[in-house]
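Text of run.txt (compact mmCIF, C-alpha atoms and all ligand atoms) as supplied:
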```
# COMPACT_ATOMS: atom_id res chain seq x y z
CA MET C 1223 0.00 0.00 0.00
CA SER C 1224 1.32 3.47 -0.83
CA THR C 1225 2.39 5.97 1.79
CA LEU C 1226 -0.42 8.22 0.69
CA ALA C 1227 -2.97 5.47 1.24
CA SER C 1228 -1.51 4.80 4.67
CA ILE C 1229 -1.90 8.46 5.57
CA ALA C 1230 -5.44 8.37 4.24
CA ILE C 1231 -6.24 5.36 6.37
CA ALA C 1232 -4.36 6.07 9.56
CA GLY C 1233 -4.77 9.81 9.47
CA GLY C 1234 -2.32 10.22 12.33
CA VAL C 1235 -4.68 8.39 14.67
CA GLY C 1236 -1.89 7.23 16.96
CA ALA C 1237 -0.82 10.73 17.89
CA LEU C 1238 -4.39 11.73 18.54
CA LEU C 1239 -4.98 8.91 20.98
CA ALA C 1240 -3.00 10.88 23.53
CA ALA C 1241 -5.90 13.33 23.53
CA GLY C 1242 -8.30 10.55 24.51
CA VAL C 1243 -10.98 8.76 22.58
CA GLY C 1244 -14.40 10.11 23.35
CA ALA C 1245 -17.51 11.68 21.93
CA GLN C 1246 -16.97 14.27 19.23
CA VAL C 1247 -13.20 14.31 19.45
CA GLY C 1248 -12.26 16.02 16.23
CA ALA C 1249 -9.33 14.92 14.16
CA GLY C 1250 -8.32 18.24 12.61
CA PRO C 1251 -4.55 17.69 12.40
CA ALA C 1252 -5.00 14.26 10.81
CA LYS C 1253 -7.44 15.71 8.32
CA ARG C 1254 -5.13 18.58 7.41
CA ARG C 1255 -2.24 16.18 6.87
CA ALA C 1256 -4.39 13.96 4.66
CA ILE C 1257 -5.53 16.93 2.54
CA ASP C 1258 -1.97 18.26 2.23
CA ALA C 1259 -0.87 14.80 1.07
CA LEU C 1260 -3.67 14.72 -1.50
CA ARG C 1261 -2.67 18.18 -2.81
CA ALA C 1262 0.96 17.13 -3.11
CA ALA C 1263 0.07 13.86 -4.86
CA CYS C 1264 -2.22 15.64 -7.34
CA ALA C 1265 0.41 18.27 -8.15
CA ALA C 1266 3.19 15.69 -8.49
CA ARG C 1267 1.18 13.56 -10.92
CA ARG C 1268 -0.85 16.38 -12.46
CA ALA C 1269 -3.85 14.35 -11.43
CA LEU C 1270 -7.51 15.29 -11.59
CA VAL C 1271 -9.89 13.13 -9.56
CA LEU C 1272 -13.60 13.76 -10.06
CA THR C 1273 -15.65 12.62 -7.07
CA TYR C 1274 -19.44 12.60 -6.82
CA ASP C 1275 -21.10 12.28 -3.41
CA ASP C 1276 -24.58 11.61 -2.02
CA GLY C 1277 -25.86 9.62 -5.00
CA PRO C 1278 -27.07 7.65 -6.71
CA GLY C 1279 -29.45 10.18 -8.24
CA PRO C 1280 -31.70 8.36 -10.70
CA THR C 1281 -31.95 11.49 -12.88
CA LEU C 1282 -28.59 13.23 -12.48
CA THR C 1283 -26.20 10.27 -12.17
CA PRO C 1284 -26.92 8.90 -15.68
CA LEU C 1285 -26.36 12.38 -17.12
CA VAL C 1286 -22.99 12.61 -15.35
CA LEU C 1287 -22.12 9.12 -16.61
CA GLY C 1288 -22.91 10.23 -20.16
CA ARG C 1289 -20.49 13.17 -19.91
CA LEU C 1290 -17.74 10.99 -18.46
CA ALA C 1291 -18.23 8.33 -21.15
CA VAL C 1292 -17.79 10.86 -23.96
CA ALA C 1293 -14.46 11.93 -22.44
CA HIS C 1294 -13.41 8.33 -21.60
CA ALA C 1295 -12.92 9.52 -18.03
CA ARG C 1296 -13.23 7.45 -14.87
CA ALA C 1297 -14.53 8.99 -11.66
CA THR C 1298 -15.22 7.95 -8.07
CA PHE C 1299 -18.78 7.87 -6.72
CA PHE C 1300 -19.24 7.95 -2.95
CA LEU C 1301 -22.72 6.53 -2.49
CA LEU C 1302 -25.20 6.94 0.32
CA GLY C 1303 -26.60 3.57 1.38
CA MET C 1304 -30.09 5.00 1.85
CA ARG C 1305 -30.26 6.08 -1.81
CA ALA C 1306 -29.43 2.65 -3.26
CA PRO C 1307 -32.84 0.94 -2.84
CA GLY C 1308 -34.81 1.54 -6.03
CA ALA C 1309 -31.71 2.82 -7.84
CA GLU C 1310 -29.88 -0.50 -8.19
CA ALA C 1311 -29.72 -0.22 -11.97
CA VAL C 1312 -28.00 3.17 -11.69
CA VAL C 1313 -25.36 1.75 -9.36
CA ASP C 1314 -24.91 -1.22 -11.69
CA ARG C 1315 -24.32 1.21 -14.54
CA ILE C 1316 -21.75 3.25 -12.58
CA LEU C 1317 -19.75 0.07 -12.04
CA GLY C 1318 -20.44 -1.23 -15.54
CA ASP C 1319 -19.05 2.00 -16.99
CA GLY C 1320 -15.77 1.30 -15.18
CA HIS C 1321 -16.02 3.87 -12.41
CA GLU C 1322 -14.98 3.41 -8.81
CA LEU C 1323 -17.48 3.14 -5.96
CA GLY C 1324 -16.94 4.23 -2.39
CA CYS C 1325 -19.06 4.50 0.75
CA HIS C 1326 -20.45 7.78 2.10
CA THR C 1327 -22.38 6.18 5.04
CA LYS C 1328 -26.03 5.20 4.97
CA GLN C 1329 -27.82 8.29 6.33
CA HIS C 1330 -25.18 11.05 6.03
CA VAL C 1331 -24.64 11.42 9.77
CA ASN C 1332 -22.25 14.25 10.72
CA ALA C 1333 -19.66 12.57 12.95
CA MET C 1334 -18.95 15.82 14.81
CA ARG C 1335 -22.60 16.30 15.71
CA SER C 1336 -23.55 12.83 16.86
CA SER C 1337 -22.39 10.27 19.36
CA PRO C 1338 -19.41 8.13 18.28
CA TRP C 1339 -21.52 4.96 18.27
CA ARG C 1340 -24.19 6.52 16.06
CA ALA C 1341 -21.58 7.80 13.60
CA ILE C 1342 -19.82 4.43 13.50
CA ARG C 1343 -23.14 2.62 13.07
CA ASP C 1344 -23.95 4.85 10.11
CA ILE C 1345 -20.61 3.95 8.51
CA ASP C 1346 -21.22 0.22 9.09
CA ASP C 1347 -24.81 0.50 7.82
CA GLY C 1348 -23.57 2.25 4.68
CA TYR C 1349 -21.08 -0.50 3.84
CA ARG C 1350 -23.78 -3.11 4.53
CA ALA C 1351 -26.39 -1.38 2.35
CA LEU C 1352 -23.90 -1.18 -0.52
CA SER C 1353 -22.32 -4.61 -0.01
CA ARG C 1354 -23.64 -5.81 -3.36
CA TRP C 1355 -21.24 -3.41 -5.07
CA ILE C 1356 -18.43 -2.50 -2.64
CA SER C 1357 -16.01 -4.24 -0.28
CA PRO C 1358 -15.78 -3.67 3.48
CA ASN C 1359 -12.56 -1.71 2.84
CA SER C 1360 -13.67 0.30 -0.18
CA PRO C 1361 -12.74 4.02 -0.04
CA PHE C 1362 -14.76 6.16 2.37
CA ARG C 1363 -15.78 9.80 2.08
CA PRO C 1364 -16.93 11.31 5.39
CA PRO C 1365 -20.22 13.29 5.27
CA TYR C 1366 -19.40 17.03 5.47
CA GLY C 1367 -15.74 15.96 5.55
CA LYS C 1368 -16.13 15.46 9.32
CA VAL C 1369 -14.16 12.78 11.11
CA THR C 1370 -13.49 12.07 14.78
CA VAL C 1371 -10.92 9.88 16.46
CA PRO C 1372 -13.53 7.10 16.97
CA THR C 1373 -14.68 7.17 13.33
CA LEU C 1374 -11.09 7.22 12.08
CA LEU C 1375 -10.30 4.22 14.26
CA ALA C 1376 -13.36 2.35 12.99
CA LEU C 1377 -12.34 3.06 9.39
CA ARG C 1378 -8.78 2.04 10.10
CA ARG C 1379 -10.02 -1.28 11.49
CA ARG C 1380 -11.80 -1.84 8.18
CA GLY C 1381 -8.73 -0.83 6.21
CA ALA C 1382 -10.89 1.72 4.40
CA PRO C 1383 -9.01 4.81 3.13
CA VAL C 1384 -10.57 8.11 4.20
CA CYS C 1385 -10.88 10.30 1.14
CA PHE C 1386 -11.12 14.05 1.55
CA TRP C 1387 -11.04 16.55 -1.32
CA THR C 1388 -8.87 19.53 -2.26
CA VAL C 1389 -11.35 21.55 -4.38
CA ASP C 1390 -14.99 22.11 -3.45
CA SER C 1391 -17.25 22.77 -6.44
CA ARG C 1392 -19.68 24.47 -3.99
CA ASP C 1393 -22.57 22.82 -5.82
CA THR C 1394 -24.41 22.43 -2.52
CA ALA C 1395 -23.67 25.97 -1.31
CA ARG C 1396 -26.62 27.90 0.03
CA GLY C 1397 -27.86 30.81 -2.03
CA ALA C 1398 -26.58 31.64 -5.49
CA LEU C 1399 -24.26 29.20 -7.19
CA PRO C 1400 -20.76 30.46 -7.99
CA ASP C 1401 -19.39 30.90 -11.52
CA PRO C 1402 -18.68 27.31 -12.68
CA ALA C 1403 -15.44 28.49 -14.32
CA CYS C 1404 -13.97 29.16 -10.85
CA VAL C 1405 -13.72 25.43 -10.15
CA ALA C 1406 -11.67 24.63 -13.26
CA ASP C 1407 -9.52 27.72 -12.57
CA GLU C 1408 -8.76 26.47 -9.08
CA VAL C 1409 -7.74 23.07 -10.45
CA ARG C 1410 -5.61 24.70 -13.14
CA ARG C 1411 -3.78 26.89 -10.61
CA ALA C 1412 -3.11 23.92 -8.32
CA GLY C 1413 -1.92 21.70 -11.18
CA GLY C 1414 -4.64 19.14 -10.40
CA GLY C 1415 -6.91 18.24 -7.52
CA VAL C 1416 -9.58 16.06 -6.02
CA VAL C 1417 -12.86 17.80 -6.80
CA LEU C 1418 -16.00 17.43 -4.69
CA LEU C 1419 -19.26 17.31 -6.65
CA HIS C 1420 -22.70 15.86 -5.87
CA ASP C 1421 -24.86 13.69 -8.13
CA PHE C 1422 -28.00 13.22 -6.02
CA ASP C 1423 -31.35 14.47 -7.30
CA ARG C 1424 -32.04 17.69 -5.42
CA ALA C 1425 -35.42 18.43 -3.87
CA SER C 1426 -35.19 22.16 -4.64
CA ASP C 1427 -33.46 24.07 -7.47
CA ALA C 1428 -33.01 20.62 -9.02
CA GLN C 1429 -32.62 21.75 -12.61
CA GLU C 1430 -30.35 24.68 -11.87
CA ARG C 1431 -28.13 22.58 -9.56
CA ALA C 1432 -27.99 19.65 -11.99
CA LYS C 1433 -27.01 22.00 -14.80
CA TYR C 1434 -24.26 23.45 -12.63
CA VAL C 1435 -22.86 19.98 -11.81
CA LEU C 1436 -22.84 19.04 -15.50
CA THR C 1437 -21.28 22.35 -16.55
CA VAL C 1438 -18.53 22.06 -13.95
CA THR C 1439 -17.92 18.46 -15.05
CA ASP C 1440 -17.66 19.52 -18.69
CA GLN C 1441 -15.28 22.36 -17.86
CA LEU C 1442 -13.07 20.12 -15.74
CA LEU C 1443 -12.87 17.51 -18.50
CA LEU C 1444 -11.92 20.24 -20.96
CA ALA C 1445 -9.36 21.74 -18.58
CA ALA C 1446 -7.77 18.31 -18.10
CA GLU C 1447 -7.38 17.93 -21.84
CA ARG C 1448 -5.95 21.40 -22.33
CA GLU C 1449 -3.63 21.32 -19.33
CA GLY C 1450 -2.49 17.73 -19.80
CA LEU C 1451 -3.95 16.60 -16.47
CA GLN C 1452 -4.43 12.86 -15.95
CA ILE C 1453 -7.95 11.98 -14.93
CA MET C 1454 -7.93 9.14 -12.45
CA THR C 1455 -9.97 7.56 -9.66
CA MET C 1456 -9.33 8.05 -5.97
CA GLY C 1457 -7.98 4.50 -5.78
CA GLN C 1458 -5.52 5.17 -8.59
CA LEU C 1459 -4.30 8.36 -6.90
CA LEU C 1460 -3.89 6.56 -3.56
CA GLY C 1461 -2.23 3.54 -5.18
CA LEU C 1462 -4.90 1.14 -3.90
CA PRO C 1463 -5.11 -2.34 -5.40
CA ALA C 1464 -7.83 -2.62 -8.06
CA PRO C 1465 -11.06 -4.07 -6.67
CA SER C 1466 -11.21 -7.81 -7.28
CA ALA C 1467 -15.00 -7.97 -7.66
ZN ZN C 1501 -22.32 14.13 1.39
```
Would you mind giving the structure from this file in structure tokens?
Ligand SMILES: [Zn+2]
Amino acid sequence: MSTLASIAIAGGVGALLAAGVGAQVGAGPAKRRAIDALRAACAARRALVLTYDDGPGPTLTPLVLGRLAVAHARATFFLLGMRAPGAEAVVDRILGDGHELGCHTKQHVNAMRSSPWRAIRDIDDGYRALSRWISPNSPFRPPYGKVTVPTLLALRRRGAPVCFWTVDSRDTARGALPDPACVADEVRRAGGGVVLLHDFDRASDAQERAKYVLTVTDQLLLAAEREGLQIMTMGQLLGLPAPSA
């Protein structure tokens, strides 16, 4: 396993244990180190990793898949277990198109705002709900990017890499959406990045938000081509073994 993957998994947990393991113990230093390592790895390899959270979205996900297929690009989808029932065919298609799947819990519990056992149960429930498609140690994306010492330890026990991001597309920001060109600009300036996007079907502003996600995706794919960035999955960036399933 690569050093980067080890950082992503361990997240400096050992050092944090000195602070005690308890409810809502944040893991800020570990998170910062993991994000710094991601930034460095992206810049070194001129890597662009497109990640889509909170899906599957029966309407939006297939549209995203269409854009990625045209560009022959592979992305990583961090699914919510609660959205899989009824959308099995969409998840099958994500995998069938050659993309990577990861877990984003079952119910999107914020680890910093709940008890450790509830947060850990939500992680376990997510892996269980998605077990048809993912392994117990498939990559994990924490809801809201929030981790605690107990959740990091639980993920480490699984051997599941914790995958943060370096560029936020702000597609879930409250109020007006930003200029989509800002996201590609940020990636260009950094010489690559792990971009956070969301492919669930929104309850409000659905069309406007979906259009934004697709526009940002298109612009990132174009920027990668123009700037010579390599589009890869989270697992490829972290040097994880290819899934055997
Ligand atoms: Zn999320």
- Can you work out which one of C:Arg1335, C:Arg1305, C:His1420, C:Arg1255 has the shortest atom-to-atom distance to ligand ZN 1501 (chain C), counting all atoms listed in the file?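 So, comparing all the options, the nearest one is C:His1420.
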- Task: State, in Å with one decimal place, the distance from CA of Thr1298 (chain C) to CA of Val1286 (chain C).
- Result: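 Going from CA of Thr1298 (chain C) over to CA of Val1286 (chain C) covers 11.6 Å.
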- Point out the residue among C:Ala1333, C:Ala1291, C:Cys1264, C:Ala1252 with the least atom-to-atom distance to ligand ZN 1501 (chain C), counting all atoms listed in the file. C:Ala1333
Each residue of region 1368-1428 of chain C lying at most 6 Å from region 1342-1363 of chain C should get a row with its shortest atom-to-atom pair and the distance in Å to one decimal, counting only C-alpha atoms; could you produce that, ordered by chain and increasing number, as a Markdown table?
```
| residue | atom | partner | partner_atom | distance |
| --- | --- | --- | --- | --- |
| C:Thr1373 | CA | C:Ile1342 | CA | 5.8 |
| C:Arg1380 | CA | C:Asn1359 | CA | 5.4 |
| C:Gly1381 | CA | C:Asn1359 | CA | 5.2 |
| C:Ala1382 | CA | C:Asn1359 | CA | 4.1 |
| C:Pro1383 | CA | C:Pro1361 | CA | 5.0 |
| C:Val1384 | CA | C:Phe1362 | CA | 5.0 |
| C:Cys1385 | CA | C:Arg1363 | CA | 5.0 |
```
- Item | Nearest-residue call for ligand ZN 1501 (chain C), choices C:Leu1442, C:Leu1301, C:Val1312, C:Val1409, using only C-alpha atoms and all ligand atoms |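 Selected residue with least distance to ligand ZN 1501 (chain C): C:Leu1301.
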- Task: Give the residues close to ligand ZN 1501 (chain C), within 7 Å, counting all atoms listed in the file; write them as a list of chain:residue names.
- Result: C:Asp1275, C:Asp1276, C:His1326, C:His1330, C:Pro1365, C:Tyr1366
- Query: Restricting the calculation to all atoms listed in the file, which member of C:Ala1256, C:Ala1412, C:Leu1282, C:Leu1375 is positioned closest to Ala1309 (chain C)?
  - Reply: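 When distances to Ala1309 (chain C) are compared using all atoms listed in the file, the smallest one comes from C:Leu1282.
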- Of the listed residues C:Val1416, C:Ala1428, C:Leu1443, C:Ala1293, that which approaches Ala1265 (chain C) most closely, counting all atoms listed in the file: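 That would be C:Val1416, the residue with the smallest distance to Ala1265 (chain C).
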- Quick one: residues within 10 Å of (-11.2, 7.1, -4.5) (file frame), counting only C-alpha atoms, please, as a PyMOL selection string. chain C and resi 1271-1273+1297-1300+1321-1325+1360-1363+1383-1387+1416+1454-1462
- Do you have the CA of Ile1453 (chain C)-CA of Ala1269 (chain C) distance handy? 5.9 Å
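A straight line drawn from CA of Ala1406 (chain C) to CA of Leu1451 (chain C) is 11.6 Å long.
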- Message: Taking only C-alpha atoms into account, name the residue in C:Gly1397, C:Pro1372, C:Pro1280, C:Gly1415 that is nearest to Asp1314 (chain C).
- Response: C:Pro1280
Centre and size of axis-aligned box enclosing region 1428-1439 of chain C plus 5 Å each side, as lines of an AutoDock Vina configuration file:
```
center_x = -25.5
center_y = 21.6
center_z = -12.8
size_x = 25.1
size_y = 16.2
size_z = 17.5
```
- Find the spatial neighbours of Ala1398 (chain C), counting all atoms listed in the file, within a cut-off of 12 Å - ignore same-chain residues fewer than 2 positions away - and output them as a ChimeraX atom specification. /C:1392-1396,1400-1402,1427,1430-1431,1434
- List every protein, DNA or RNA residue with an atom no more than 12 Å from (-12.1, 18.5, -23.1) in the file's coordinates, counting only C-alpha atoms, and format the result as a PyMOL selection string. chain C and resi 1289-1290+1292-1295+1406+1437-1453
Just to be explicit: take each residue in the selection above, keep C-alpha atoms, and write the result as a PDB file, in the frame of the given file.
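Output saved as result_6.pdb:
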```
ATOM      1  CA  ARG C1289     -20.490  13.170 -19.910  1.00  0.00           C
ATOM      2  CA  LEU C1290     -17.740  10.990 -18.460  1.00  0.00           C
ATOM      3  CA  VAL C1292     -17.790  10.860 -23.960  1.00  0.00           C
ATOM      4  CA  ALA C1293     -14.460  11.930 -22.440  1.00  0.00           C
ATOM      5  CA  HIS C1294     -13.410   8.330 -21.600  1.00  0.00           C
ATOM      6  CA  ALA C1295     -12.920   9.520 -18.030  1.00  0.00           C
ATOM      7  CA  ALA C1406     -11.670  24.630 -13.260  1.00  0.00           C
ATOM      8  CA  THR C1437     -21.280  22.350 -16.550  1.00  0.00           C
ATOM      9  CA  VAL C1438     -18.530  22.060 -13.950  1.00  0.00           C
ATOM     10  CA  THR C1439     -17.920  18.460 -15.050  1.00  0.00           C
ATOM     11  CA  ASP C1440     -17.660  19.520 -18.690  1.00  0.00           C
ATOM     12  CA  GLN C1441     -15.280  22.360 -17.860  1.00  0.00           C
ATOM     13  CA  LEU C1442     -13.070  20.120 -15.740  1.00  0.00           C
ATOM     14  CA  LEU C1443     -12.870  17.510 -18.500  1.00  0.00           C
ATOM     15  CA  LEU C1444     -11.920  20.240 -20.960  1.00  0.00           C
ATOM     16  CA  ALA C1445      -9.360  21.740 -18.580  1.00  0.00           C
ATOM     17  CA  ALA C1446      -7.770  18.310 -18.100  1.00  0.00           C
ATOM     18  CA  GLU C1447      -7.380  17.930 -21.840  1.00  0.00           C
ATOM     19  CA  ARG C1448      -5.950  21.400 -22.330  1.00  0.00           C
ATOM     20  CA  GLU C1449      -3.630  21.320 -19.330  1.00  0.00           C
ATOM     21  CA  GLY C1450      -2.490  17.730 -19.800  1.00  0.00           C
ATOM     22  CA  LEU C1451      -3.950  16.600 -16.470  1.00  0.00           C
ATOM     23  CA  GLN C1452      -4.430  12.860 -15.950  1.00  0.00           C
ATOM     24  CA  ILE C1453      -7.950  11.980 -14.930  1.00  0.00           C
TER      25      ILE C1453
END
```
